[in-house]
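**Q** What follows is data-v3.pdb, made up of PDB, C-alpha atoms:
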MODEL        1
ATOM      1  CA  MET Y   1      43.709 -24.704 -33.776
ATOM      2  CA  ARG Y   2      40.380 -26.310 -32.882
ATOM      3  CA  GLN Y   3      40.893 -25.378 -29.204
ATOM      4  CA  THR Y   4      41.626 -21.782 -30.175
ATOM      5  CA  VAL Y   5      38.412 -21.581 -32.225
ATOM      6  CA  LEU Y   6      36.411 -23.121 -29.356
ATOM      7  CA  ARG Y   7      37.994 -20.696 -26.870
ATOM      8  CA  HIS Y   8      37.126 -17.720 -29.097
ATOM      9  CA  ALA Y   9      33.559 -18.988 -29.503
ATOM     10  CA  ALA Y  10      33.199 -19.391 -25.734
ATOM     11  CA  LEU Y  11      34.606 -15.905 -25.105
ATOM     12  CA  SER Y  12      32.326 -14.401 -27.751
ATOM     13  CA  THR Y  13      29.270 -16.119 -26.250
ATOM     14  CA  THR Y  14      30.239 -14.930 -22.765
ATOM     15  CA  ALA Y  15      30.769 -11.349 -23.991
ATOM     16  CA  ILE Y  16      27.396 -11.288 -25.749
ATOM     17  CA  GLY Y  17      25.666 -12.701 -22.667
ATOM     18  CA  LEU Y  18      27.257 -10.070 -20.433
ATOM     19  CA  ALA Y  19      26.343  -7.303 -22.858
ATOM     20  CA  LEU Y  20      22.719  -8.415 -22.938
ATOM     21  CA  THR Y  21      22.397  -8.589 -19.154
ATOM     22  CA  ALA Y  22      24.066  -5.200 -18.719
ATOM     23  CA  THR Y  23      21.912  -3.425 -21.322
ATOM     24  CA  PRO Y  24      18.829  -1.778 -19.737
ATOM     25  CA  ALA Y  25      16.831  -2.148 -22.965
ATOM     26  CA  PHE Y  26      16.822  -5.901 -22.383
ATOM     27  CA  ALA Y  27      16.026  -5.742 -18.672
ATOM     28  CA  CYS Y  28      12.853  -7.479 -17.547
ATOM     29  CA  PRO Y  29      10.117  -5.069 -16.499
ATOM     30  CA  ALA Y  30       9.444  -4.763 -12.780
ATOM     31  CA  PRO Y  31       6.288  -6.531 -11.607
ATOM     32  CA  ASN Y  32       3.221  -4.341 -11.077
ATOM     33  CA  THR Y  33       3.440  -3.907  -7.316
ATOM     34  CA  ASN Y  34       0.256  -1.814  -7.332
ATOM     35  CA  ALA Y  35      -1.833  -4.551  -8.875
ATOM     36  CA  PRO Y  36      -5.228  -4.734  -7.150
ATOM     37  CA  VAL Y  37      -5.446  -7.116  -4.185
ATOM     38  CA  VAL Y  38      -8.373  -8.396  -2.166
ATOM     39  CA  VAL Y  39      -8.109  -7.742   1.571
ATOM     40  CA  THR Y  40     -10.547  -7.917   4.461
ATOM     41  CA  VAL Y  41     -11.306  -4.538   6.022
ATOM     42  CA  THR Y  42     -12.833  -4.392   9.495
ATOM     43  CA  VAL Y  43     -13.857  -1.204  11.280
ATOM     44  CA  LYS Y  44     -14.454  -1.593  15.015
ATOM     45  CA  GLY Y  45     -16.048   1.352  16.813
ATOM     46  CA  HIS Y  46     -16.539   1.817  20.550
ATOM     47  CA  ASP Y  47     -19.963   0.106  20.282
ATOM     48  CA  GLY Y  48     -18.956  -2.796  18.035
ATOM     49  CA  THR Y  49     -18.219  -3.621  14.408
ATOM     50  CA  LEU Y  50     -19.138  -0.844  11.985
ATOM     51  CA  PHE Y  51     -17.973  -2.626   8.844
ATOM     52  CA  ASN Y  52     -16.485  -5.970   7.875
ATOM     53  CA  GLY Y  53     -15.949  -7.113   4.313
ATOM     54  CA  LYS Y  54     -13.616  -8.084   1.502
ATOM     55  CA  ILE Y  55     -12.434  -5.179  -0.627
ATOM     56  CA  ARG Y  56     -10.473  -5.106  -3.878
ATOM     57  CA  THR Y  57      -7.999  -2.236  -3.598
ATOM     58  CA  LYS Y  58      -4.787  -0.691  -4.825
ATOM     59  CA  GLY Y  59      -2.883   2.469  -3.941
ATOM     60  CA  HIS Y  60      -4.520   5.649  -5.248
ATOM     61  CA  ALA Y  61      -5.187   9.319  -4.555
ATOM     62  CA  VAL Y  62      -7.542   9.830  -1.606
ATOM     63  CA  THR Y  63      -9.781  12.841  -0.996
ATOM     64  CA  THR Y  64     -10.926  13.996   2.449
ATOM     65  CA  THR Y  65     -11.582  17.429   3.956
ATOM     66  CA  GLY Y  66      -7.766  17.433   4.246
ATOM     67  CA  GLY Y  67      -7.556  17.573   0.434
ATOM     68  CA  THR Y  68      -6.601  15.091  -2.265
ATOM     69  CA  HIS Y  69      -3.288  13.356  -1.706
ATOM     70  CA  THR Y  70      -1.415  10.290  -2.879
ATOM     71  CA  CYS Y  71      -2.033   7.204  -0.738
ATOM     72  CA  ASP Y  72      -0.059   4.525  -2.543
ATOM     73  CA  GLY Y  73       2.837   3.515  -0.324
ATOM     74  CA  THR Y  74       5.288   5.977  -1.864
ATOM     75  CA  ASN Y  75       4.339   8.406   0.910
ATOM     76  CA  GLY Y  76       7.310   9.195   3.113
ATOM     77  CA  ALA Y  77       9.459   7.269   0.594
ATOM     78  CA  LYS Y  78       8.457   4.038   2.384
ATOM     79  CA  ASN Y  79       8.140   2.042  -0.863
ATOM     80  CA  PRO Y  80       9.981   2.611  -4.145
ATOM     81  CA  ALA Y  81       6.832   2.078  -6.242
ATOM     82  CA  PRO Y  82       3.074   2.360  -5.664
ATOM     83  CA  VAL Y  83       1.439  -0.416  -3.610
ATOM     84  CA  PRO Y  84      -1.986  -1.084  -2.054
ATOM     85  CA  THR Y  85      -2.307   0.518   1.416
ATOM     86  CA  PRO Y  86      -4.655   0.315   4.437
ATOM     87  CA  THR Y  87      -6.047   3.844   4.042
ATOM     88  CA  ALA Y  88      -6.644   3.296   0.324
ATOM     89  CA  ALA Y  89      -8.499   0.076   1.273
ATOM     90  CA  LEU Y  90     -10.637   2.017   3.794
ATOM     91  CA  ASP Y  91     -11.374   4.617   1.113
ATOM     92  CA  ASP Y  92     -12.392   1.915  -1.381
ATOM     93  CA  ALA Y  93     -14.584   0.214   1.236
ATOM     94  CA  ALA Y  94     -16.305   3.516   2.044
ATOM     95  CA  HIS Y  95     -16.993   4.342  -1.615
ATOM     96  CA  ARG Y  96     -18.185   0.854  -2.561
ATOM     97  CA  ARG Y  97     -20.202   0.109   0.577
ATOM     98  CA  GLY Y  98     -21.734   3.559   1.096
ATOM     99  CA  PHE Y  99     -20.226   4.881   4.308
ATOM    100  CA  THR Y 100     -18.124   7.926   5.086
ATOM    101  CA  TRP Y 101     -14.735   8.514   6.580
ATOM    102  CA  ASP Y 102     -12.606  11.609   6.984
ATOM    103  CA  GLY Y 103      -9.039  12.418   7.857
ATOM    104  CA  THR Y 104      -6.566  15.220   8.339
ATOM    105  CA  TRP Y 105      -3.572  15.485   6.013
ATOM    106  CA  TYR Y 106      -0.199  16.046   7.689
ATOM    107  CA  ALA Y 107       2.355  17.260   5.136
ATOM    108  CA  SER Y 108       5.242  16.726   7.575
ATOM    109  CA  PHE Y 109       4.202  13.078   7.957
ATOM    110  CA  ASP Y 110       3.130  12.735   4.281
ATOM    111  CA  ASP Y 111       0.039  10.854   5.425
ATOM    112  CA  PHE Y 112      -3.518  11.145   6.707
ATOM    113  CA  SER Y 113      -4.709  10.566  10.212
ATOM    114  CA  VAL Y 114      -8.086   8.857  10.180
ATOM    115  CA  ASP Y 115     -10.390  11.092  12.229
ATOM    116  CA  THR Y 116     -13.881   9.672  11.673
ATOM    117  CA  ILE Y 117     -15.399   6.529  10.193
ATOM    118  CA  LYS Y 118     -19.189   6.202   9.841
ATOM    119  CA  ASN Y 119     -19.527   9.406  11.906
ATOM    120  CA  VAL Y 120     -17.602   7.887  14.833
ATOM    121  CA  SER Y 121     -14.863  10.285  15.841
ATOM    122  CA  GLY Y 122     -11.651   9.602  17.680
ATOM    123  CA  GLY Y 123     -11.668  13.124  19.082
ATOM    124  CA  THR Y 124      -9.576  13.973  22.123
ATOM    125  CA  SER Y 125     -10.247  10.710  23.953
ATOM    126  CA  ALA Y 126      -9.523   8.115  21.275
ATOM    127  CA  TYR Y 127      -7.930   7.503  17.874
ATOM    128  CA  TRP Y 128      -8.334   5.095  14.979
ATOM    129  CA  ASN Y 129      -5.587   2.475  15.309
ATOM    130  CA  ILE Y 130      -4.571   0.731  12.079
ATOM    131  CA  SER Y 131      -3.418  -2.874  12.198
ATOM    132  CA  VAL Y 132      -2.670  -5.468   9.546
ATOM    133  CA  ASN Y 133      -2.974  -9.152  10.402
ATOM    134  CA  GLY Y 134      -3.339  -8.246  14.087
ATOM    135  CA  THR Y 135      -0.207  -6.071  14.305
ATOM    136  CA  PRO Y 136      -0.321  -2.263  14.499
ATOM    137  CA  THR Y 137       1.303  -0.723  11.433
ATOM    138  CA  PRO Y 138       4.743   0.771  12.148
ATOM    139  CA  VAL Y 139       4.065   3.554   9.596
ATOM    140  CA  GLY Y 140       1.033   5.495   8.410
ATOM    141  CA  GLY Y 141      -1.929   4.039   6.552
ATOM    142  CA  CYS Y 142      -0.764   5.477   3.214
ATOM    143  CA  GLN Y 143       2.749   4.107   3.721
ATOM    144  CA  PHE Y 144       2.210   0.451   4.650
ATOM    145  CA  ALA Y 145       2.233  -2.097   1.791
ATOM    146  CA  LEU Y 146      -0.614  -4.618   1.717
ATOM    147  CA  LYS Y 147      -0.601  -8.083   0.190
ATOM    148  CA  ALA Y 148      -3.504 -10.157  -1.073
ATOM    149  CA  GLY Y 149      -5.372 -11.787   1.807
ATOM    150  CA  ASP Y 150      -4.253  -9.300   4.470
ATOM    151  CA  LYS Y 151      -6.680  -8.458   7.255
ATOM    152  CA  VAL Y 152      -6.831  -4.692   7.790
ATOM    153  CA  ALA Y 153      -8.473  -3.346  10.954
ATOM    154  CA  PHE Y 154      -9.296   0.218  11.912
ATOM    155  CA  THR Y 155     -10.091   0.090  15.635
ATOM    156  CA  TRP Y 156     -11.424   2.934  17.779
ATOM    157  CA  THR Y 157      -8.908   2.986  20.617
ATOM    158  CA  SER Y 158      -9.150   5.028  23.837
ATOM    159  CA  PHE Y 159      -6.148   6.983  25.049
TER     160      PHE Y 159
ENDMDL
END
Output the file's structure as structure tokens, nothing else.
**A**
Amino acid sequence: MRQTVLRHAALSTTAIGLALTATPAFACPAPNTNAPVVVTVTVKGHDGTLFNGKIRTKGHAVTTTGGTHTCDGTNGAKNPAPVPTPTAALDDAAHRRGFTWDGTWYASFDDFSVDTIKNVSGGTSAYWNISVNGTPTPVGGCQFALKAGDKVAFTWTSF
């Protein structure tokens, strides 16, 4: 009899545990992946460094002459939730440190191309390459997820 009671208690405990883990109301909330991070942003023009500094950033809407568009890593469905991105970091650096940048919005790419930074244009002979920790990003600047401590570089690069 005692074994039967213990078996029932164990089964009841197991059933309750399974019910709790399967019930969404008791699920743990997802971490805030778009929490602000501090990254180093460097802008290297054809004549040298145009900007270098630490910037606190997170993914956000960005406004250029190309319009206002989301720039939080969800672009192109690259990340399931908003995250800090290189272009958002450039935008924050520009606003906080008093310089300009501009970019064209490409709806088919769901991202901006960076056209000018501090009045230095890529034009037809160069473009602004985006790299993180020394490696060119495999996706656009509004699609790549940054982590705290990353080193983001926008480098004027000749064709």
**Q** If we count all atoms listed in the file, what is near Phe159 (chain Y) at a cut-off of 9 Å, once residues fewer than 2 positions away on the same chain are taken out, given as a ChimeraX atom specification?
**A** /Y:124-127,157
**Q** Applying 9 Å and only C-alpha atoms, which residues near His46 (chain Y) remain after dropping the ones on its own chain fewer than 5 positions away? List them as a VMD selection string.
**A** chain Y and resid 120 155 to 158
**Q** Nearest residue to Asn79 (chain Y) out of Y:Ser113, Y:Asp150, Y:Gly59, Y:Phe99, using only C-alpha atoms?
**A**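 Smallest separation from Asn79 (chain Y) among the options: Y:Gly59.
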**Q** Need to verify the contact set: Gly141 (chain Y), 9 Å, all atoms listed in the file, exclusion of same-chain residues closer than 6 positions in sequence. Can you return it as a list in words?
**A** Cys71, Gly73, Thr85, Pro86, Thr87, Ala88, Asp111, Phe112, Ser113, Val114 and Ile130 of chain Y
**Q** The PyMOL selection byres ((chain Y and resi 134) around 9) - which residues does that actually catch in the file I just gave you? List them as a PDB file with C-alpha atoms, in the frame of the given file.
**A**
ATOM      1  CA  SER Y 131      -3.418  -2.874  12.198  1.00  0.00           C
ATOM      2  CA  VAL Y 132      -2.670  -5.468   9.546  1.00  0.00           C
ATOM      3  CA  ASN Y 133      -2.974  -9.152  10.402  1.00  0.00           C
ATOM      4  CA  THR Y 135      -0.207  -6.071  14.305  1.00  0.00           C
ATOM      5  CA  PRO Y 136      -0.321  -2.263  14.499  1.00  0.00           C
ATOM      6  CA  LYS Y 151      -6.680  -8.458   7.255  1.00  0.00           C
ATOM      7  CA  VAL Y 152      -6.831  -4.692   7.790  1.00  0.00           C
ATOM      8  CA  ALA Y 153      -8.473  -3.346  10.954  1.00  0.00           C
TER       9      ALA Y 153
END
**Q** Could you tell me which residues the PyMOL selection byres ((chain Y and resi 145) around 6) returns for this structure, as a count of residues only?
**A** 5
**Q** Could you spell out the hits of the PyMOL selection byres ((chain Y and resi 75) around 6) on the shown file, as a list in words?
**A** Gly73, Thr74, Gly76, Ala77, Asp110 and Gln143 of chain Y
**Q** So that all listed atoms of region 40-44 of chain Y fit with 5 Å spare on each side, what axis-aligned box centre and edge lengths in Å, to one decimal, would you give as lines of an AutoDock Vina configuration file?
**A**
center_x = -12.5
center_y = -4.6
center_z = 9.7
size_x = 13.9
size_y = 16.7
size_z = 20.6
**Q** Hey, can you check how far CA of Thr104 (chain Y) sits from CA of Gly66 (chain Y)?
**A**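 That distance, rounded to one decimal, is 4.8 Å.
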**Q** What separation in Å, quoted to one decimal, exists between CA of Val39 (chain Y) and CA of Phe51 (chain Y)?
**A** 13.3 Å
**Q** Under the rule that only C-alpha atoms are counted, which of Y:Gly53, Y:Gly67, Y:Gly45, Y:Gly98 is the nearest residue to Ile117 (chain Y)?
**A** Y:Gly45
**Q** From (-5.6, 19.3, 2.5), in the file's coordinates, out to 9 Å: which residues are reached, counting only C-alpha atoms? Answer as an mmCIF file with C-alpha atoms, in the coordinates of the input.
**A**
data_model
loop_
_atom_site.group_PDB
_atom_site.id
_atom_site.type_symbol
_atom_site.label_atom_id
_atom_site.label_comp_id
_atom_site.auth_asym_id
_atom_site.auth_seq_id
_atom_site.Cartn_x
_atom_site.Cartn_y
_atom_site.Cartn_z
ATOM 1 C CA THR Y 63 -9.781 12.841 -0.996
ATOM 2 C CA THR Y 64 -10.926 13.996 2.449
ATOM 3 C CA THR Y 65 -11.582 17.429 3.956
ATOM 4 C CA GLY Y 66 -7.766 17.433 4.246
ATOM 5 C CA GLY Y 67 -7.556 17.573 0.434
ATOM 6 C CA THR Y 68 -6.601 15.091 -2.265
ATOM 7 C CA HIS Y 69 -3.288 13.356 -1.706
ATOM 8 C CA THR Y 104 -6.566 15.220 8.339
ATOM 9 C CA TRP Y 105 -3.572 15.485 6.013
ATOM 10 C CA TYR Y 106 -0.199 16.046 7.689
ATOM 11 C CA ALA Y 107 2.355 17.260 5.136
#
**Q** Using all atoms listed in the file, find the one residue out of Y:Thr49, Y:Asn32, Y:Asp92, Y:Val38 that sits nearest to Pro80 (chain Y).
**A**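 For Pro80 (chain Y), the nearest of the candidates is Y:Asn32.
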**Q** Just the number, please: distance in Å from CA of Lys78 (chain Y) to CA of Ala61 (chain Y), one decimal.
**A** 16.2 Å
**Q** Have a look at Y:Asp91, Y:Lys147, Y:Val41, Y:Trp101 and name the one nearest to Ser121 (chain Y); count only C-alpha atoms.
**A** Y:Trp101
**Q** Give me, as a tab-separated table (two decimals) with C-alpha atoms, keeping the file's coordinate frame, all polymer residues having an atom no more than 6 Å from Asp115 (chain Y), counting all atoms listed in the file and skipping those fewer than 2 positions away in the same chain.
**A**
chain	number	residue	atom	x	y	z
Y	102	ASP	CA	-12.61	11.61	6.98
Y	103	GLY	CA	-9.04	12.42	7.86
Y	121	SER	CA	-14.86	10.28	15.84
Y	122	GLY	CA	-11.65	9.60	17.68
**Q** Can you rebuild region 123-158 of chain Y with N, CA and C atoms and give it as a PDB file, in the coordinates of the input?
**A**
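Generated file (out07.pdb):
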ATOM      1  N   GLY Y 123     -11.613  11.959  18.194  1.00  0.00           N
ATOM      2  CA  GLY Y 123     -11.668  13.124  19.082  1.00  0.00           C
ATOM      3  C   GLY Y 123     -10.461  13.235  19.988  1.00  0.00           C
ATOM      4  N   THR Y 124     -10.680  13.771  21.179  1.00  0.00           N
ATOM      5  CA  THR Y 124      -9.576  13.973  22.123  1.00  0.00           C
ATOM      6  C   THR Y 124      -9.404  12.791  23.069  1.00  0.00           C
ATOM      7  N   SER Y 125     -10.333  11.825  23.016  1.00  0.00           N
ATOM      8  CA  SER Y 125     -10.247  10.710  23.953  1.00  0.00           C
ATOM      9  C   SER Y 125      -9.866   9.384  23.296  1.00  0.00           C
ATOM     10  N   ALA Y 126      -9.818   9.372  21.966  1.00  0.00           N
ATOM     11  CA  ALA Y 126      -9.523   8.115  21.275  1.00  0.00           C
ATOM     12  C   ALA Y 126      -8.934   8.420  19.900  1.00  0.00           C
ATOM     13  N   TYR Y 127      -8.456   7.379  19.235  1.00  0.00           N
ATOM     14  CA  TYR Y 127      -7.930   7.503  17.874  1.00  0.00           C
ATOM     15  C   TYR Y 127      -8.251   6.221  17.126  1.00  0.00           C
ATOM     16  N   TRP Y 128      -8.122   6.271  15.811  1.00  0.00           N
ATOM     17  CA  TRP Y 128      -8.334   5.095  14.979  1.00  0.00           C
ATOM     18  C   TRP Y 128      -6.995   4.395  14.766  1.00  0.00           C
ATOM     19  N   ASN Y 129      -6.805   3.283  15.443  1.00  0.00           N
ATOM     20  CA  ASN Y 129      -5.587   2.475  15.309  1.00  0.00           C
ATOM     21  C   ASN Y 129      -5.700   1.636  14.039  1.00  0.00           C
ATOM     22  N   ILE Y 130      -4.609   1.545  13.291  1.00  0.00           N
ATOM     23  CA  ILE Y 130      -4.571   0.731  12.079  1.00  0.00           C
ATOM     24  C   ILE Y 130      -3.686  -0.483  12.338  1.00  0.00           C
ATOM     25  N   SER Y 131      -4.235  -1.665  12.076  1.00  0.00           N
ATOM     26  CA  SER Y 131      -3.418  -2.874  12.198  1.00  0.00           C
ATOM     27  C   SER Y 131      -3.625  -3.738  10.954  1.00  0.00           C
ATOM     28  N   VAL Y 132      -2.611  -4.521  10.659  1.00  0.00           N
ATOM     29  CA  VAL Y 132      -2.670  -5.468   9.546  1.00  0.00           C
ATOM     30  C   VAL Y 132      -2.289  -6.836  10.090  1.00  0.00           C
ATOM     31  N   ASN Y 133      -3.174  -7.786   9.899  1.00  0.00           N
ATOM     32  CA  ASN Y 133      -2.974  -9.152  10.402  1.00  0.00           C
ATOM     33  C   ASN Y 133      -2.715  -9.169  11.906  1.00  0.00           C
ATOM     34  N   GLY Y 134      -3.411  -8.284  12.631  1.00  0.00           N
ATOM     35  CA  GLY Y 134      -3.339  -8.246  14.087  1.00  0.00           C
ATOM     36  C   GLY Y 134      -2.194  -7.445  14.662  1.00  0.00           C
ATOM     37  N   THR Y 135      -1.363  -6.843  13.823  1.00  0.00           N
ATOM     38  CA  THR Y 135      -0.207  -6.071  14.305  1.00  0.00           C
ATOM     39  C   THR Y 135      -0.355  -4.613  13.895  1.00  0.00           C
ATOM     40  N   PRO Y 136      -0.252  -3.682  14.862  1.00  0.00           N
ATOM     41  CA  PRO Y 136      -0.321  -2.263  14.499  1.00  0.00           C
ATOM     42  C   PRO Y 136       0.739  -1.925  13.447  1.00  0.00           C
ATOM     43  N   THR Y 137       0.360  -1.084  12.485  1.00  0.00           N
ATOM     44  CA  THR Y 137       1.303  -0.723  11.433  1.00  0.00           C
ATOM     45  C   THR Y 137       2.394   0.180  12.017  1.00  0.00           C
ATOM     46  N   PRO Y 138       3.646  -0.042  11.631  1.00  0.00           N
ATOM     47  CA  PRO Y 138       4.743   0.771  12.148  1.00  0.00           C
ATOM     48  C   PRO Y 138       4.855   2.124  11.444  1.00  0.00           C
ATOM     49  N   VAL Y 139       4.082   2.306  10.366  1.00  0.00           N
ATOM     50  CA  VAL Y 139       4.065   3.554   9.596  1.00  0.00           C
ATOM     51  C   VAL Y 139       2.607   3.914   9.333  1.00  0.00           C
ATOM     52  N   GLY Y 140       2.388   5.039   8.692  1.00  0.00           N
ATOM     53  CA  GLY Y 140       1.033   5.495   8.410  1.00  0.00           C
ATOM     54  C   GLY Y 140       0.271   4.611   7.443  1.00  0.00           C
ATOM     55  N   GLY Y 141      -1.042   4.841   7.384  1.00  0.00           N
ATOM     56  CA  GLY Y 141      -1.929   4.039   6.552  1.00  0.00           C
ATOM     57  C   GLY Y 141      -1.773   4.235   5.056  1.00  0.00           C
ATOM     58  N   CYS Y 142      -1.067   5.286   4.640  1.00  0.00           N
ATOM     59  CA  CYS Y 142      -0.764   5.477   3.214  1.00  0.00           C
ATOM     60  C   CYS Y 142       0.653   5.039   2.896  1.00  0.00           C
ATOM     61  N   GLN Y 143       1.350   4.492   3.893  1.00  0.00           N
ATOM     62  CA  GLN Y 143       2.749   4.107   3.721  1.00  0.00           C
ATOM     63  C   GLN Y 143       2.967   2.594   3.802  1.00  0.00           C
ATOM     64  N   PHE Y 144       2.047   1.880   4.408  1.00  0.00           N
ATOM     65  CA  PHE Y 144       2.210   0.451   4.650  1.00  0.00           C
ATOM     66  C   PHE Y 144       1.736  -0.353   3.440  1.00  0.00           C
ATOM     67  N   ALA Y 145       2.556  -1.274   2.968  1.00  0.00           N
ATOM     68  CA  ALA Y 145       2.233  -2.097   1.791  1.00  0.00           C
ATOM     69  C   ALA Y 145       1.385  -3.301   2.189  1.00  0.00           C
ATOM     70  N   LEU Y 146       0.253  -3.464   1.501  1.00  0.00           N
ATOM     71  CA  LEU Y 146      -0.614  -4.618   1.717  1.00  0.00           C
ATOM     72  C   LEU Y 146      -0.346  -5.706   0.691  1.00  0.00           C
ATOM     73  N   LYS Y 147      -0.670  -6.938   1.092  1.00  0.00           N
ATOM     74  CA  LYS Y 147      -0.601  -8.083   0.190  1.00  0.00           C
ATOM     75  C   LYS Y 147      -1.988  -8.714   0.118  1.00  0.00           C
ATOM     76  N   ALA Y 148      -2.230  -9.457  -0.930  1.00  0.00           N
ATOM     77  CA  ALA Y 148      -3.504 -10.157  -1.073  1.00  0.00           C
ATOM     78  C   ALA Y 148      -3.752 -11.016   0.160  1.00  0.00           C
ATOM     79  N   GLY Y 149      -4.982 -10.969   0.658  1.00  0.00           N
ATOM     80  CA  GLY Y 149      -5.372 -11.787   1.807  1.00  0.00           C
ATOM     81  C   GLY Y 149      -5.135 -11.137   3.155  1.00  0.00           C
ATOM     82  N   ASP Y 150      -4.484  -9.973   3.187  1.00  0.00           N
ATOM     83  CA  ASP Y 150      -4.253  -9.300   4.470  1.00  0.00           C
ATOM     84  C   ASP Y 150      -5.573  -8.938   5.131  1.00  0.00           C
ATOM     85  N   LYS Y 151      -5.531  -8.862   6.460  1.00  0.00           N
ATOM     86  CA  LYS Y 151      -6.680  -8.458   7.255  1.00  0.00           C
ATOM     87  C   LYS Y 151      -6.360  -7.090   7.856  1.00  0.00           C
ATOM     88  N   VAL Y 152      -7.061  -6.071   7.376  1.00  0.00           N
ATOM     89  CA  VAL Y 152      -6.831  -4.692   7.790  1.00  0.00           C
ATOM     90  C   VAL Y 152      -7.907  -4.305   8.795  1.00  0.00           C
ATOM     91  N   ALA Y 153      -7.496  -3.768   9.938  1.00  0.00           N
ATOM     92  CA  ALA Y 153      -8.473  -3.346  10.954  1.00  0.00           C
ATOM     93  C   ALA Y 153      -8.221  -1.903  11.338  1.00  0.00           C
ATOM     94  N   PHE Y 154      -9.303  -1.138  11.361  1.00  0.00           N
ATOM     95  CA  PHE Y 154      -9.296   0.218  11.912  1.00  0.00           C
ATOM     96  C   PHE Y 154     -10.109   0.103  13.203  1.00  0.00           C
ATOM     97  N   THR Y 155      -9.453   0.317  14.337  1.00  0.00           N
ATOM     98  CA  THR Y 155     -10.091   0.090  15.635  1.00  0.00           C
ATOM     99  C   THR Y 155     -10.083   1.367  16.460  1.00  0.00           C
ATOM    100  N   TRP Y 156     -11.281   1.778  16.905  1.00  0.00           N
ATOM    101  CA  TRP Y 156     -11.424   2.934  17.779  1.00  0.00           C
ATOM    102  C   TRP Y 156     -10.751   2.573  19.096  1.00  0.00           C
ATOM    103  N   THR Y 157      -9.745   3.336  19.471  1.00  0.00           N
ATOM    104  CA  THR Y 157      -8.908   2.986  20.617  1.00  0.00           C
ATOM    105  C   THR Y 157      -8.834   4.174  21.572  1.00  0.00           C
ATOM    106  N   SER Y 158      -9.217   3.965  22.826  1.00  0.00           N
ATOM    107  CA  SER Y 158      -9.150   5.028  23.837  1.00  0.00           C
ATOM    108  C   SER Y 158      -7.722   5.329  24.224  1.00  0.00           C
TER     109      SER Y 158
END
